[in-house]
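Chemist: So here's coords.cif, just mmCIF, C-alpha atoms, pLDDT in the B column; chains and numbers go by the auth columns:
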```cif
data_input
loop_
_atom_site.group_PDB
_atom_site.id
_atom_site.type_symbol
_atom_site.label_atom_id
_atom_site.label_comp_id
_atom_site.label_asym_id
_atom_site.label_seq_id
_atom_site.Cartn_x
_atom_site.Cartn_y
_atom_site.Cartn_z
_atom_site.B_iso_or_equiv
_atom_site.auth_seq_id
_atom_site.auth_asym_id
ATOM 1 C CA GLN A 1 -65.165 -111.856 -214.081 55.00 6 A
ATOM 2 C CA LYS A 2 -66.236 -111.828 -210.457 63.00 7 A
ATOM 3 C CA GLU A 3 -69.957 -111.352 -209.937 90.00 8 A
ATOM 4 C CA VAL A 4 -69.596 -108.922 -207.029 94.00 9 A
ATOM 5 C CA GLU A 5 -66.419 -106.910 -206.667 95.00 10 A
ATOM 6 C CA GLN A 6 -65.100 -104.980 -203.721 96.00 11 A
ATOM 7 C CA ASN A 7 -61.744 -103.445 -202.992 93.00 12 A
ATOM 8 C CA SER A 8 -60.193 -105.596 -200.279 91.00 13 A
ATOM 9 C CA GLY A 9 -58.578 -102.610 -198.552 91.00 14 A
ATOM 10 C CA PRO A 10 -57.710 -101.903 -195.894 96.00 15 A
ATOM 11 C CA LEU A 11 -59.463 -98.581 -196.064 97.00 16 A
ATOM 12 C CA SER A 12 -58.046 -96.407 -193.314 98.00 17 A
ATOM 13 C CA VAL A 13 -59.943 -93.368 -192.059 98.00 18 A
ATOM 14 C CA PRO A 14 -59.533 -91.218 -188.959 98.00 19 A
ATOM 15 C CA GLU A 15 -62.192 -91.175 -186.279 98.00 20 A
ATOM 16 C CA GLY A 16 -65.009 -88.792 -187.168 98.00 21 A
ATOM 17 C CA ALA A 17 -64.435 -88.988 -190.921 98.00 22 A
ATOM 18 C CA ILE A 18 -66.740 -90.411 -193.571 98.00 23 A
ATOM 19 C CA ALA A 19 -65.879 -93.898 -194.766 98.00 24 A
ATOM 20 C CA SER A 20 -66.971 -94.733 -198.302 98.00 25 A
ATOM 21 C CA LEU A 21 -67.214 -98.383 -199.303 98.00 26 A
ATOM 22 C CA ASN A 22 -67.923 -99.403 -202.867 97.00 27 A
ATOM 23 C CA CYS A 23 -69.226 -102.447 -204.671 97.00 28 A
ATOM 24 C CA THR A 24 -69.910 -103.294 -208.305 97.00 29 A
ATOM 25 C CA TYR A 25 -71.892 -106.226 -209.625 95.00 30 A
ATOM 26 C CA SER A 26 -72.136 -107.927 -212.980 93.00 31 A
ATOM 27 C CA ASP A 27 -75.720 -109.237 -213.113 90.00 32 A
ATOM 28 C CA ARG A 28 -77.780 -106.386 -214.552 89.00 33 A
ATOM 29 C CA GLY A 29 -80.955 -108.159 -213.456 88.00 34 A
ATOM 30 C CA SER A 30 -80.053 -107.974 -209.756 90.00 35 A
ATOM 31 C CA GLN A 31 -82.893 -106.699 -207.625 89.00 36 A
ATOM 32 C CA SER A 32 -81.837 -106.583 -204.006 93.00 37 A
ATOM 33 C CA PHE A 33 -78.645 -105.424 -202.371 96.00 38 A
ATOM 34 C CA PHE A 34 -77.314 -105.753 -198.867 97.00 39 A
ATOM 35 C CA TRP A 35 -74.439 -104.580 -196.725 98.00 40 A
ATOM 36 C CA TYR A 36 -73.145 -106.752 -193.908 98.00 41 A
ATOM 37 C CA ARG A 37 -70.514 -106.057 -191.303 98.00 42 A
ATOM 38 C CA GLN A 38 -68.253 -108.835 -190.038 98.00 43 A
ATOM 39 C CA TYR A 39 -65.976 -108.445 -187.062 97.00 44 A
ATOM 40 C CA SER A 40 -62.950 -110.703 -186.891 95.00 45 A
ATOM 41 C CA GLY A 41 -63.946 -114.152 -185.660 94.00 46 A
ATOM 42 C CA LYS A 42 -67.663 -113.365 -185.773 97.00 47 A
ATOM 43 C CA SER A 43 -70.451 -114.017 -188.237 97.00 48 A
ATOM 44 C CA PRO A 44 -71.807 -111.288 -190.545 97.00 49 A
ATOM 45 C CA GLU A 45 -74.547 -108.971 -189.345 97.00 50 A
ATOM 46 C CA LEU A 46 -76.927 -107.075 -191.597 96.00 51 A
ATOM 47 C CA ILE A 47 -76.484 -103.310 -191.720 96.00 52 A
ATOM 48 C CA MET A 48 -78.574 -102.145 -194.651 96.00 53 A
ATOM 49 C CA SER A 49 -80.726 -103.408 -197.461 96.00 54 A
ATOM 50 C CA ILE A 50 -81.587 -101.397 -200.570 96.00 55 A
ATOM 51 C CA TYR A 51 -83.867 -102.279 -203.431 94.00 56 A
ATOM 52 C CA SER A 52 -84.349 -99.145 -205.545 95.00 57 A
ATOM 53 C CA ASN A 53 -82.107 -96.498 -207.054 97.00 58 A
ATOM 54 C CA GLY A 54 -81.071 -93.648 -204.826 97.00 59 A
ATOM 55 C CA ASP A 55 -80.059 -93.248 -201.228 97.00 60 A
ATOM 56 C CA LYS A 56 -81.300 -94.957 -198.111 98.00 61 A
ATOM 57 C CA GLU A 57 -80.262 -93.630 -194.731 97.00 62 A
ATOM 58 C CA ASP A 58 -80.250 -95.367 -191.351 96.00 63 A
ATOM 59 C CA GLY A 59 -78.500 -93.504 -188.574 97.00 64 A
ATOM 60 C CA ARG A 60 -74.863 -93.010 -189.516 98.00 65 A
ATOM 61 C CA PHE A 61 -75.173 -95.329 -192.489 98.00 66 A
ATOM 62 C CA THR A 62 -76.280 -94.437 -196.008 98.00 67 A
ATOM 63 C CA ALA A 63 -76.583 -96.974 -198.799 98.00 68 A
ATOM 64 C CA GLN A 64 -76.536 -95.732 -202.365 98.00 69 A
ATOM 65 C CA LEU A 65 -77.680 -97.718 -205.391 97.00 70 A
ATOM 66 C CA ASN A 66 -77.202 -96.959 -209.063 97.00 71 A
ATOM 67 C CA LYS A 67 -78.544 -99.818 -211.146 95.00 72 A
ATOM 68 C CA ALA A 68 -77.572 -98.208 -214.451 95.00 73 A
ATOM 69 C CA SER A 69 -73.937 -98.192 -213.359 96.00 74 A
ATOM 70 C CA GLN A 70 -74.317 -101.487 -211.455 96.00 75 A
ATOM 71 C CA TYR A 71 -72.867 -99.865 -208.411 96.00 76 A
ATOM 72 C CA VAL A 72 -73.804 -99.871 -204.741 98.00 77 A
ATOM 73 C CA SER A 73 -72.019 -98.050 -201.964 98.00 78 A
ATOM 74 C CA LEU A 74 -72.118 -97.624 -198.209 98.00 79 A
ATOM 75 C CA LEU A 75 -71.231 -94.398 -196.467 98.00 80 A
ATOM 76 C CA ILE A 76 -70.456 -94.360 -192.777 98.00 81 A
ATOM 77 C CA ARG A 77 -70.561 -90.898 -191.244 98.00 82 A
ATOM 78 C CA ASP A 78 -68.717 -89.959 -188.067 98.00 83 A
ATOM 79 C CA SER A 79 -66.699 -93.178 -188.232 98.00 84 A
ATOM 80 C CA GLN A 80 -65.805 -94.728 -184.888 98.00 85 A
ATOM 81 C CA PRO A 81 -63.034 -97.201 -183.995 97.00 86 A
ATOM 82 C CA SER A 82 -65.826 -99.696 -183.296 97.00 87 A
ATOM 83 C CA ASP A 83 -66.719 -99.534 -186.998 98.00 88 A
ATOM 84 C CA SER A 84 -63.410 -101.250 -187.789 98.00 89 A
ATOM 85 C CA ALA A 85 -64.491 -104.493 -189.459 98.00 90 A
ATOM 86 C CA THR A 86 -64.870 -106.128 -192.840 97.00 91 A
ATOM 87 C CA TYR A 87 -67.857 -104.907 -194.832 98.00 92 A
ATOM 88 C CA LEU A 88 -69.477 -107.357 -197.198 97.00 93 A
ATOM 89 C CA CYS A 89 -71.616 -106.392 -200.156 97.00 94 A
ATOM 90 C CA ALA A 90 -74.230 -108.965 -201.174 96.00 95 A
ATOM 91 C CA VAL A 91 -76.388 -109.019 -204.278 95.00 96 A
ATOM 92 C CA ASN A 92 -79.455 -111.083 -205.145 90.00 97 A
ATOM 93 C CA GLY A 93 -80.245 -111.645 -208.768 75.00 98 A
ATOM 94 C CA TRP A 94 -83.906 -111.723 -209.738 64.00 99 A
ATOM 95 C CA GLY A 95 -85.299 -115.218 -209.376 65.00 100 A
ATOM 96 C CA PHE A 96 -82.206 -116.539 -207.637 73.00 101 A
ATOM 97 C CA GLN A 97 -82.318 -117.905 -204.133 77.00 102 A
ATOM 98 C CA LYS A 98 -78.789 -117.271 -203.056 84.00 103 A
ATOM 99 C CA LEU A 99 -76.975 -114.086 -202.236 90.00 104 A
ATOM 100 C CA VAL A 100 -73.697 -113.489 -204.002 91.00 105 A
ATOM 101 C CA PHE A 101 -71.130 -111.930 -201.694 94.00 106 A
ATOM 102 C CA GLY A 102 -68.143 -109.809 -202.500 95.00 107 A
ATOM 103 C CA THR A 103 -64.874 -110.643 -200.790 94.00 108 A
ATOM 104 C CA GLY A 104 -65.307 -107.689 -198.453 96.00 109 A
ATOM 105 C CA THR A 105 -63.520 -104.433 -197.699 97.00 110 A
ATOM 106 C CA ARG A 106 -61.595 -104.154 -194.476 97.00 111 A
ATOM 107 C CA LEU A 107 -62.175 -100.814 -192.768 98.00 112 A
ATOM 108 C CA LEU A 108 -59.800 -99.456 -190.140 98.00 113 A
ATOM 109 C CA VAL A 109 -60.868 -96.403 -188.137 98.00 114 A
ATOM 110 C CA SER A 110 -58.028 -94.892 -186.164 97.00 115 A
ATOM 111 C CA PRO A 111 -58.649 -92.895 -182.946 94.00 116 A
ATOM 112 C CA GLY B 1 -83.495 -107.697 -186.964 67.00 1 B
ATOM 113 C CA ALA B 2 -84.603 -111.275 -186.984 88.00 2 B
ATOM 114 C CA VAL B 3 -82.767 -113.802 -184.846 94.00 3 B
ATOM 115 C CA VAL B 4 -81.017 -116.910 -186.072 96.00 4 B
ATOM 116 C CA SER B 5 -79.561 -119.177 -183.421 97.00 5 B
ATOM 117 C CA GLN B 6 -76.782 -121.622 -184.202 98.00 6 B
ATOM 118 C CA HIS B 7 -75.614 -124.348 -181.884 97.00 7 B
ATOM 119 C CA PRO B 8 -73.030 -125.246 -180.765 98.00 8 B
ATOM 120 C CA SER B 9 -70.808 -122.177 -180.883 97.00 9 B
ATOM 121 C CA TRP B 10 -67.725 -124.309 -180.881 97.00 10 B
ATOM 122 C CA VAL B 11 -66.968 -128.013 -180.956 98.00 11 B
ATOM 123 C CA ILE B 12 -63.876 -130.173 -180.826 98.00 12 B
ATOM 124 C CA CYS B 13 -64.132 -133.684 -182.181 96.00 13 B
ATOM 125 C CA LYS B 14 -61.864 -136.581 -182.963 97.00 14 B
ATOM 126 C CA SER B 15 -60.920 -137.412 -186.510 97.00 15 B
ATOM 127 C CA GLY B 16 -63.376 -139.878 -188.032 97.00 16 B
ATOM 128 C CA THR B 17 -66.360 -138.872 -185.935 97.00 17 B
ATOM 129 C CA SER B 18 -69.436 -136.929 -187.028 97.00 18 B
ATOM 130 C CA VAL B 19 -70.632 -133.570 -185.806 98.00 19 B
ATOM 131 C CA LYS B 20 -74.095 -132.051 -186.097 98.00 20 B
ATOM 132 C CA ILE B 21 -74.680 -128.293 -186.169 98.00 21 B
ATOM 133 C CA GLU B 22 -78.153 -126.806 -185.694 97.00 22 B
ATOM 134 C CA CYS B 23 -79.492 -123.591 -187.134 97.00 23 B
ATOM 135 C CA ARG B 24 -82.808 -122.185 -185.930 96.00 24 B
ATOM 136 C CA SER B 25 -84.766 -119.128 -186.955 95.00 25 B
ATOM 137 C CA LEU B 26 -86.304 -117.993 -183.680 95.00 26 B
ATOM 138 C CA ASP B 27 -88.833 -115.372 -184.699 92.00 27 B
ATOM 139 C CA PHE B 28 -89.571 -116.004 -188.349 92.00 28 B
ATOM 140 C CA GLN B 29 -90.197 -118.853 -190.744 93.00 29 B
ATOM 141 C CA ALA B 30 -87.281 -119.437 -193.082 91.00 30 B
ATOM 142 C CA THR B 31 -88.161 -120.908 -196.422 89.00 31 B
ATOM 143 C CA THR B 32 -84.488 -120.930 -197.322 92.00 32 B
ATOM 144 C CA MET B 33 -81.386 -121.533 -195.261 94.00 33 B
ATOM 145 C CA PHE B 34 -77.784 -121.346 -196.352 95.00 34 B
ATOM 146 C CA TRP B 35 -74.642 -122.965 -195.009 97.00 35 B
ATOM 147 C CA TYR B 36 -71.250 -121.310 -195.353 97.00 36 B
ATOM 148 C CA ARG B 37 -67.714 -122.175 -194.420 97.00 37 B
ATOM 149 C CA GLN B 38 -65.039 -119.618 -193.714 96.00 38 B
ATOM 150 C CA PHE B 39 -61.341 -120.256 -193.213 94.00 39 B
ATOM 151 C CA PRO B 40 -59.221 -117.698 -191.330 91.00 40 B
ATOM 152 C CA LYS B 41 -58.770 -114.434 -193.225 88.00 41 B
ATOM 153 C CA GLN B 42 -60.731 -115.769 -196.178 91.00 42 B
ATOM 154 C CA SER B 43 -64.117 -114.969 -197.680 91.00 43 B
ATOM 155 C CA LEU B 44 -67.402 -116.681 -196.968 94.00 44 B
ATOM 156 C CA MET B 45 -67.791 -119.776 -199.081 94.00 45 B
ATOM 157 C CA LEU B 46 -71.324 -120.953 -199.749 94.00 46 B
ATOM 158 C CA MET B 47 -71.608 -124.700 -199.260 96.00 47 B
ATOM 159 C CA ALA B 48 -75.281 -125.328 -199.898 95.00 48 B
ATOM 160 C CA THR B 49 -78.761 -123.889 -200.075 92.00 49 B
ATOM 161 C CA SER B 50 -81.630 -125.705 -198.434 91.00 50 B
ATOM 162 C CA ASN B 51 -85.370 -125.272 -198.702 88.00 51 B
ATOM 163 C CA GLU B 52 -87.806 -126.671 -196.194 84.00 52 B
ATOM 164 C CA GLY B 53 -88.896 -130.157 -197.110 82.00 53 B
ATOM 165 C CA SER B 54 -86.617 -130.628 -200.092 85.00 54 B
ATOM 166 C CA LYS B 55 -83.066 -131.746 -200.785 88.00 55 B
ATOM 167 C CA ALA B 56 -80.302 -129.237 -200.420 92.00 56 B
ATOM 168 C CA THR B 57 -78.543 -127.787 -203.432 93.00 57 B
ATOM 169 C CA TYR B 58 -74.793 -128.074 -203.018 95.00 58 B
ATOM 170 C CA GLU B 59 -72.210 -125.789 -204.557 94.00 59 B
ATOM 171 C CA GLN B 60 -69.691 -127.228 -206.924 94.00 60 B
ATOM 172 C CA GLY B 61 -66.896 -129.022 -205.122 95.00 61 B
ATOM 173 C CA VAL B 62 -68.838 -129.592 -201.887 96.00 62 B
ATOM 174 C CA GLU B 63 -69.276 -133.278 -201.080 95.00 63 B
ATOM 175 C CA LYS B 64 -72.936 -133.873 -200.342 93.00 64 B
ATOM 176 C CA ASP B 65 -72.256 -137.227 -198.712 95.00 65 B
ATOM 177 C CA LYS B 66 -69.801 -135.640 -196.326 96.00 66 B
ATOM 178 C CA PHE B 67 -71.832 -132.553 -195.466 97.00 67 B
ATOM 179 C CA LEU B 68 -75.369 -133.743 -194.828 96.00 68 B
ATOM 180 C CA ILE B 69 -77.977 -131.021 -194.710 95.00 69 B
ATOM 181 C CA ASN B 70 -81.509 -131.448 -193.445 91.00 70 B
ATOM 182 C CA HIS B 71 -84.158 -128.728 -193.474 89.00 71 B
ATOM 183 C CA ALA B 72 -87.033 -130.521 -191.797 84.00 72 B
ATOM 184 C CA SER B 73 -89.071 -127.505 -190.766 91.00 73 B
ATOM 185 C CA LEU B 74 -89.419 -123.802 -191.503 91.00 74 B
ATOM 186 C CA THR B 75 -87.357 -122.984 -188.428 94.00 75 B
ATOM 187 C CA LEU B 76 -84.665 -125.650 -188.314 94.00 76 B
ATOM 188 C CA SER B 77 -81.847 -126.798 -190.551 95.00 77 B
ATOM 189 C CA THR B 78 -78.966 -129.053 -189.573 96.00 78 B
ATOM 190 C CA LEU B 79 -75.533 -129.636 -191.037 97.00 79 B
ATOM 191 C CA THR B 80 -73.790 -132.888 -190.204 97.00 80 B
ATOM 192 C CA VAL B 81 -70.105 -133.185 -190.967 98.00 81 B
ATOM 193 C CA THR B 82 -69.519 -136.907 -191.362 97.00 82 B
ATOM 194 C CA SER B 83 -66.197 -138.640 -190.803 97.00 83 B
ATOM 195 C CA ALA B 84 -64.578 -135.336 -189.975 97.00 84 B
ATOM 196 C CA HIS B 85 -60.891 -134.804 -190.655 97.00 85 B
ATOM 197 C CA PRO B 86 -58.523 -132.027 -189.571 97.00 86 B
ATOM 198 C CA GLU B 87 -58.933 -130.283 -192.925 96.00 87 B
ATOM 199 C CA ASP B 88 -62.640 -129.849 -192.098 97.00 88 B
ATOM 200 C CA SER B 89 -61.693 -127.583 -189.212 97.00 89 B
ATOM 201 C CA SER B 90 -63.277 -124.245 -190.013 97.00 90 B
ATOM 202 C CA PHE B 91 -65.901 -121.687 -189.054 98.00 91 B
ATOM 203 C CA TYR B 92 -69.330 -122.881 -190.211 98.00 92 B
ATOM 204 C CA ILE B 93 -72.093 -120.295 -190.464 98.00 93 B
ATOM 205 C CA CYS B 94 -75.753 -120.608 -191.333 97.00 94 B
ATOM 206 C CA SER B 95 -78.110 -117.932 -192.563 96.00 95 B
ATOM 207 C CA ALA B 96 -81.845 -117.859 -193.104 95.00 96 B
ATOM 208 C CA ARG B 97 -84.284 -115.747 -195.055 93.00 97 B
ATOM 209 C CA VAL B 98 -88.050 -115.538 -195.270 89.00 98 B
ATOM 210 C CA SER B 99 -88.220 -115.521 -199.037 84.00 99 B
ATOM 211 C CA MET B 100 -86.311 -114.732 -202.197 80.00 100 B
ATOM 212 C CA ASN B 101 -84.916 -111.197 -202.406 81.00 101 B
ATOM 213 C CA THR B 102 -85.377 -110.494 -198.686 88.00 102 B
ATOM 214 C CA GLU B 103 -82.610 -110.049 -196.158 92.00 103 B
ATOM 215 C CA ALA B 104 -80.702 -113.071 -194.923 94.00 104 B
ATOM 216 C CA PHE B 105 -79.839 -113.206 -191.232 96.00 105 B
ATOM 217 C CA PHE B 106 -76.828 -115.076 -189.926 97.00 106 B
ATOM 218 C CA GLY B 107 -76.372 -117.362 -186.978 97.00 107 B
ATOM 219 C CA GLN B 108 -73.459 -116.862 -184.616 97.00 108 B
ATOM 220 C CA GLY B 109 -71.354 -119.489 -186.338 98.00 109 B
ATOM 221 C CA THR B 110 -69.796 -122.744 -185.151 98.00 110 B
ATOM 222 C CA ARG B 111 -66.071 -123.113 -184.830 98.00 111 B
ATOM 223 C CA LEU B 112 -65.203 -126.747 -185.562 98.00 112 B
ATOM 224 C CA THR B 113 -61.830 -128.168 -184.625 98.00 113 B
ATOM 225 C CA VAL B 114 -61.044 -131.739 -185.634 97.00 114 B
ATOM 226 C CA VAL B 115 -58.136 -133.320 -183.784 97.00 115 B
#
```
Starting from the file, lay out its structure as structure tokens.
Modeler:
Amino acid sequence: QKEVEQNSGPLSVPEGAIASLNCTYSDRGSQSFFWYRQYSGKSPELIMSIYSNGDKEDGRFTAQLNKASQYVSLLIRDSQPSDSATYLCAVNGWGFQKLVFGTGTRLLVSP
Amino acid sequence: GAVVSQHPSWVICKSGTSVKIECRSLDFQATTMFWYRQFPKQSLMLMATSNEGSKATYEQGVEKDKFLINHASLTLSTLTVTSAHPEDSSFYICSARVSMNTEAFFGQGTRLTVV
């Protein structure tokens, strides 16, 4: 069983729509959760971090965490073609140094 | 966000030579740095985790004698690919974090081509 699972996509949404990206994780003791965006040929960049259950909003982005269901999601409102990228979910288990990454979901936003 | 600088951005080397890649945290002290490799259209693959002043911890299947990692200070880690071969051609990326459970920030990556 993979430790962090994401649907590889592509997830296609029209410009202006809400894109919903999902991630599940297996380590129930995980404490910190991150979303990264990676454009083709570039390195990942941090979008959001979330540590407690509930929603966390930053501009057009909202991260949602449900530890009971071992589920974390990222919502992108008013999606733009420039949001087209691969979105990586990363999870840090308590007491572990390394982040465990999902394989990423490719998002395509069409004009 | 915090800035991690990786150098060089790209390098071409001859088969059998060694290449050193630097990773610097510019505005924070990184107790932990990570080195990844990514082949085209594939996922990030963690190679090793390094802590300042101690030996790196390599992931299973990564040759520690081929990929030498040094984390001499809280702001600098280096990866040396020794006796490089064409199959080592890849995108190498470092990341750094202040402490456990905090965000990790990525460098720009180094595209290595071995000819």
Chemist: Starting from chain B, keep only residues with some atom at most 10 Å from an atom of chain A, counting all atoms listed in the file, and report them as a VMD selection string.
Modeler: chain B and resid 1 to 2 32 to 34 38 40 to 46 48 to 51 91 to 95 97 99 to 111
Chemist: Taking the file as shown, find all residues satisfying the PyMOL selection byres ((chain B and resi 10-14) around 9) and write them as a list of chain:residue names.
Modeler: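 Selection result, ordered by chain and number: B:His7, B:Pro8, B:Ser9, B:Ser15, B:Gly16, B:Thr17, B:Ser18, B:Val19, B:Ala84, B:His85, B:Pro86, B:Phe91, B:Gly109, B:Thr110, B:Arg111, B:Leu112, B:Thr113, B:Val114, B:Val115.
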Chemist: Return the single residue from B:Val81, B:Ala30, B:Ile21, B:Val62 that is closest to Val4 of chain B, with distances computed using all atoms listed in the file.
Modeler: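 Closest to Val4 of chain B, using all atoms listed in the file: B:Ala30.
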Chemist: For Val77 of chain A, work out the shell of residues within 8 Å, counting all atoms listed in the file and skipping chain neighbours fewer than 5 positions away, then give it as a list of chain:residue names.
Modeler: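 Counting all atoms listed in the file, the residues come to A:Asn27, A:Cys28, A:Thr29, A:Phe38, A:Ala68, A:Gln69, A:Leu70, A:Asn71, A:Lys72.
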Chemist: How many Å separate atom CA of Thr31 of chain B from atom CA of Tyr58 of chain B?
Modeler: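 Distance reported for this atom pair: 16.5 Å.
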Chemist: Atom CA of Asn70 of chain B and atom CA of Ala96 of chain B are how many Å apart?
Modeler: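 These two atoms are separated by 13.6 Å.
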Chemist: What is the atom CA of Gly53 of chain B-atom CA of His71 of chain B distance in Å, reported with one decimal?
Modeler: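 A separation of 6.1 Å between them.
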Chemist: Applying the PyMOL selection byres ((chain B and resi 28) around 8) to the file I just gave you, which residues come out? Please list them as a compact mmCIF listing (two decimals) with C-alpha atoms, in the coordinates of the input.
Modeler:
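Result written to out_23.txt:
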```txt
# COMPACT_ATOMS: atom_id res chain seq x y z
CA ALA B 2 -84.60 -111.28 -186.98
CA VAL B 3 -82.77 -113.80 -184.85
CA SER B 25 -84.77 -119.13 -186.96
CA LEU B 26 -86.30 -117.99 -183.68
CA ASP B 27 -88.83 -115.37 -184.70
CA GLN B 29 -90.20 -118.85 -190.74
CA ALA B 30 -87.28 -119.44 -193.08
CA THR B 75 -87.36 -122.98 -188.43
CA VAL B 98 -88.05 -115.54 -195.27
```
Chemist: So, counting all atoms listed in the file, which residue among A:Asn12, A:Gln43, A:Ser31, A:Ser78 is closest to Asp60 of chain A?
Modeler: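 When distances to Asp60 of chain A are compared using all atoms listed in the file, the smallest one comes from A:Ser78.
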Chemist: Excluding Arg65 of chain A and residues on its chain fewer than 3 positions from it, collect all residues at most 8 Å away from it, counting only C-alpha atoms, and give them as a list in words.
Modeler: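 These residues fall inside the cut-off: Glu62, Leu80, Ile81, Arg82 and Asp83 of chain A.
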Chemist: Quick one: of B:Glu52, B:Arg24, B:Ser5, B:Trp35, who's nearest to Ala72 of chain B, counting all atoms listed in the file?
Modeler: B:Glu52
Chemist: Contacts of Leu79 of chain A at 6 Å or less, counting all atoms listed in the file, minus same-chain residues fewer than 5 places along, as a PyMOL selection string?
Modeler: chain A and resi 25-26+67-68
Chemist: Name the closest residue to Gln11 of chain A among the candidates A:Ala90, A:Leu113, A:Arg33, A:Tyr76; distances are taken between atoms, counting only C-alpha atoms.
Modeler: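 Among the listed residues, A:Tyr76 lies closest to Gln11 of chain A.
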Chemist: Go through B:Ser54, B:Thr80, B:Gln6, B:Ser89 one by one, measure the shortest atom-to-atom distance of each to Lys20 of chain B using all atoms listed in the file, and give the residue with the smallest value.
Modeler: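 Looking only at the distances to Lys20 of chain B, the closest residue turns out to be B:Thr80.
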Chemist: Once the PyMOL selection byres ((chain B and resi 65-68) around 6) is applied to the coordinates I shared, what remains selected? I want it as a PyMOL selection string.
Modeler: chain B and resi 63-64+69+79-82
Chemist: Would you mind exporting C-alpha atoms of the selected residues as a PDB file, in the frame of the given file?
Modeler:
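Here's the written file result-v6.pdb:
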```pdb
ATOM      1  CA  GLU B  63     -69.276-133.278-201.080  1.00 95.00           C
ATOM      2  CA  LYS B  64     -72.936-133.873-200.342  1.00 93.00           C
ATOM      3  CA  ILE B  69     -77.977-131.021-194.710  1.00 95.00           C
ATOM      4  CA  LEU B  79     -75.533-129.636-191.037  1.00 97.00           C
ATOM      5  CA  THR B  80     -73.790-132.888-190.204  1.00 97.00           C
ATOM      6  CA  VAL B  81     -70.105-133.185-190.967  1.00 98.00           C
ATOM      7  CA  THR B  82     -69.519-136.907-191.362  1.00 97.00           C
TER       8      THR B  82
END
```
